[in-house]
Amino acid sequence: MLFKKKKFERQLSLQKKVLDSILSYCQIKHPEECVLILKGKSKHGNILVDGLVIPPFDYVGHTFAGFPSSFLPFDMSYVGIVHSHPTGPAEPSLTDLQNFFGLVSVTVKSPYNDEDIFAWDSSGNSIKLVII
């Protein structure tokens with residue numbers, strides 16, 4: 001084989017202050033879903049999240065949350081999104097996967113505690129989540 005691709009396993013590193021902000025935002029928006037954009041950087045499969053953005057013109061309801069990406073200002077630090085699941089499991093739905101944005105999708109399920117947050121890739125596979 002001429003070119004070998006180095007296989008690496010993705011990992012999401014989430015700063016504690018960002019985790020606390022996500023959980024607080026989800027609690028405030030409950031019982032509706034919420035959506036936020038993750039800001040950070042990625043290197044060799046490790047995605048570091050150090051900030052959040054509330055997307056402009058987001059639309060939410062009891063079973064959906066989204067935003068028109070065409071209104072986002074250009075920013076190379078967007079690495080994914082986080083949204084809540086006020087009811088049901090944290091696994092991404094087919095709609096979640098079809099509207100995937102960035103490198104990672106994070107889902108937070110109710111009751112929005114530290115252990116209720118999960119990360120997924122665009123295929124719906126779990127990504128290791130580390131709080132730093």
# chains A, B, ... in the order shown; residues from 1 in each chain; ligands from 1
>>> residues_around(residues="Ser110 (chain A)", least_positions_apart="5", cutoff="9 Å", atoms="only C-alpha atoms", output="VMD selection string")
chain A and resid 26 to 27 30 84 to 90 116
>>> write_last_selection(atoms="all heavy atoms", output="PDB file, in the first residue's frame")
ATOM      1  N   CYS A  26     -29.874  24.106  28.837  1.00  0.00           N
ATOM      2  CA  CYS A  26     -30.881  23.062  28.637  1.00  0.00           C
ATOM      3  C   CYS A  26     -31.976  23.141  29.699  1.00  0.00           C
ATOM      4  O   CYS A  26     -33.160  22.989  29.398  1.00  0.00           O
ATOM      5  CB  CYS A  26     -30.241  21.675  28.663  1.00  0.00           C
ATOM      6  SG  CYS A  26     -29.179  21.302  27.259  1.00  0.00           S
ATOM      7  N   GLN A  27     -31.582  23.379  30.947  1.00  0.00           N
ATOM      8  CA  GLN A  27     -32.558  23.479  32.034  1.00  0.00           C
ATOM      9  C   GLN A  27     -33.467  24.686  31.852  1.00  0.00           C
ATOM     10  O   GLN A  27     -34.668  24.609  32.093  1.00  0.00           O
ATOM     11  CB  GLN A  27     -31.840  23.552  33.385  1.00  0.00           C
ATOM     12  CG  GLN A  27     -31.171  22.246  33.761  1.00  0.00           C
ATOM     13  CD  GLN A  27     -30.212  22.386  34.927  1.00  0.00           C
ATOM     14  OE1 GLN A  27     -29.919  23.491  35.397  1.00  0.00           O
ATOM     15  NE2 GLN A  27     -29.698  21.256  35.405  1.00  0.00           N
ATOM     16  N   HIS A  30     -35.997  23.899  28.983  1.00  0.00           N
ATOM     17  CA  HIS A  30     -36.897  22.762  29.193  1.00  0.00           C
ATOM     18  C   HIS A  30     -38.321  23.255  29.394  1.00  0.00           C
ATOM     19  O   HIS A  30     -38.515  24.245  30.067  1.00  0.00           O
ATOM     20  CB  HIS A  30     -36.428  21.961  30.412  1.00  0.00           C
ATOM     21  CG  HIS A  30     -37.147  20.679  30.595  1.00  0.00           C
ATOM     22  ND1 HIS A  30     -36.817  19.558  29.887  1.00  0.00           N
ATOM     23  CD2 HIS A  30     -38.189  20.343  31.371  1.00  0.00           C
ATOM     24  CE1 HIS A  30     -37.624  18.572  30.246  1.00  0.00           C
ATOM     25  NE2 HIS A  30     -38.464  19.038  31.143  1.00  0.00           N
ATOM     26  N   SER A  84     -30.565  19.362  23.059  1.00  0.00           N
ATOM     27  CA  SER A  84     -31.147  18.582  24.144  1.00  0.00           C
ATOM     28  C   SER A  84     -32.224  17.639  23.623  1.00  0.00           C
ATOM     29  O   SER A  84     -32.810  17.864  22.561  1.00  0.00           O
ATOM     30  CB  SER A  84     -31.747  19.517  25.197  1.00  0.00           C
ATOM     31  OG  SER A  84     -32.802  20.281  24.643  1.00  0.00           O
ATOM     32  N   HIS A  85     -32.433  16.575  24.389  1.00  0.00           N
ATOM     33  CA  HIS A  85     -33.548  15.654  24.205  1.00  0.00           C
ATOM     34  C   HIS A  85     -34.337  15.666  25.518  1.00  0.00           C
ATOM     35  O   HIS A  85     -33.996  14.927  26.440  1.00  0.00           O
ATOM     36  CB  HIS A  85     -33.057  14.240  23.893  1.00  0.00           C
ATOM     37  CG  HIS A  85     -32.615  14.026  22.493  1.00  0.00           C
ATOM     38  ND1 HIS A  85     -32.216  12.802  22.030  1.00  0.00           N
ATOM     39  CD2 HIS A  85     -32.525  14.865  21.436  1.00  0.00           C
ATOM     40  CE1 HIS A  85     -31.888  12.891  20.751  1.00  0.00           C
ATOM     41  NE2 HIS A  85     -32.066  14.147  20.369  1.00  0.00           N
ATOM     42  N   PRO A  86     -35.366  16.528  25.615  1.00  0.00           N
ATOM     43  CA  PRO A  86     -36.113  16.635  26.871  1.00  0.00           C
ATOM     44  C   PRO A  86     -36.820  15.345  27.276  1.00  0.00           C
ATOM     45  O   PRO A  86     -37.062  15.121  28.453  1.00  0.00           O
ATOM     46  CB  PRO A  86     -37.144  17.735  26.598  1.00  0.00           C
ATOM     47  CG  PRO A  86     -36.619  18.480  25.430  1.00  0.00           C
ATOM     48  CD  PRO A  86     -35.830  17.514  24.632  1.00  0.00           C
ATOM     49  N   THR A  87     -37.144  14.502  26.294  1.00  0.00           N
ATOM     50  CA  THR A  87     -37.759  13.206  26.590  1.00  0.00           C
ATOM     51  C   THR A  87     -37.049  12.144  25.758  1.00  0.00           C
ATOM     52  O   THR A  87     -36.502  12.433  24.697  1.00  0.00           O
ATOM     53  CB  THR A  87     -39.259  13.188  26.233  1.00  0.00           C
ATOM     54  OG1 THR A  87     -39.406  13.480  24.843  1.00  0.00           O
ATOM     55  CG2 THR A  87     -40.038  14.194  27.059  1.00  0.00           C
ATOM     56  N   GLY A  88     -37.065  10.936  26.232  1.00  0.00           N
ATOM     57  CA  GLY A  88     -36.495   9.826  25.475  1.00  0.00           C
ATOM     58  C   GLY A  88     -34.996   9.689  25.635  1.00  0.00           C
ATOM     59  O   GLY A  88     -34.371  10.363  26.454  1.00  0.00           O
ATOM     60  N   PRO A  89     -34.408   8.818  24.821  1.00  0.00           N
ATOM     61  CA  PRO A  89     -32.971   8.519  24.946  1.00  0.00           C
ATOM     62  C   PRO A  89     -32.094   9.606  24.342  1.00  0.00           C
ATOM     63  O   PRO A  89     -32.566  10.483  23.624  1.00  0.00           O
ATOM     64  CB  PRO A  89     -32.832   7.209  24.161  1.00  0.00           C
ATOM     65  CG  PRO A  89     -33.896   7.296  23.108  1.00  0.00           C
ATOM     66  CD  PRO A  89     -35.051   8.008  23.771  1.00  0.00           C
ATOM     67  N   ALA A  90     -30.803   9.508  24.600  1.00  0.00           N
ATOM     68  CA  ALA A  90     -29.843  10.488  24.092  1.00  0.00           C
ATOM     69  C   ALA A  90     -29.322  10.140  22.708  1.00  0.00           C
ATOM     70  O   ALA A  90     -28.683  10.969  22.070  1.00  0.00           O
ATOM     71  CB  ALA A  90     -28.673  10.605  25.058  1.00  0.00           C
ATOM     72  N   ASP A 116     -25.523  13.034  31.838  1.00  0.00           N
ATOM     73  CA  ASP A 116     -26.576  12.995  30.820  1.00  0.00           C
ATOM     74  C   ASP A 116     -26.138  13.600  29.492  1.00  0.00           C
ATOM     75  O   ASP A 116     -26.975  13.991  28.677  1.00  0.00           O
ATOM     76  CB  ASP A 116     -27.821  13.737  31.324  1.00  0.00           C
ATOM     77  CG  ASP A 116     -28.429  13.087  32.547  1.00  0.00           C
ATOM     78  OD1 ASP A 116     -28.399  11.848  32.624  1.00  0.00           O
ATOM     79  OD2 ASP A 116     -28.926  13.815  33.423  1.00  0.00           O
TER      80      ASP A 116
END
>>> residues_around(residues="region 93-98 of chain A", least_positions_apart="5", cutoff="12 Å", atoms="only C-alpha atoms", output="VMD selection string")
chain A and resid 35 63 to 66 81 to 85 88 103 to 107 120 to 125
>>> closest_residue(among="A:Lys16, A:Lys128, A:Lys109, A:His62", to="Pro31 (chain A)", atoms="only C-alpha atoms")
A:His62
>>> select_by_dssp(residues="chain A", states="strand (DSSP E or B)", output="number ranges by chain")
A: 11-14, 35-43, 46-53, 59-60, 65-66, 78-85, 104-109, 117-120, 126-131
>>> atom_distance(atom1="CA of Gly61 (chain A)", atom2="CA of Glu33 (chain A)")
5.9 Å
>>> closest_residue(among="A:Cys34, A:Phe74, A:Gly51, A:Ser42", to="Val18 (chain A)", atoms="only C-alpha atoms")
A:Gly51
>>> closest_residue(among="A:Ser126, A:Ser21, A:Ser69, A:Asn113", to="Phe101 (chain A)", atoms="only C-alpha atoms")
A:Ser69
>>> residues_around(residues="Gly45 (chain A)", least_positions_apart="4", cutoff="12 Å", atoms="only C-alpha atoms", output="list in words")
Lys6, Lys7, Phe8, Glu9, Arg10, Gln11, Leu12, Ser13, Lys41, Val79, Leu103, Val104, Asp121, Ile127 and Lys128 of chain A
>>> atom_distance(atom1="CA of Lys39 (chain A)", atom2="CA of Ala119 (chain A)")
14.6 Å
>>> atom_distance(atom1="CA of Pro73 (chain A)", atom2="CA of Phe118 (chain A)")
26.7 Å
>>> closest_residue(among="A:Glu115, A:Glu32, A:Glu91, A:Asp20", to="Val60 (chain A)", atoms="only C-alpha atoms")
A:Glu32
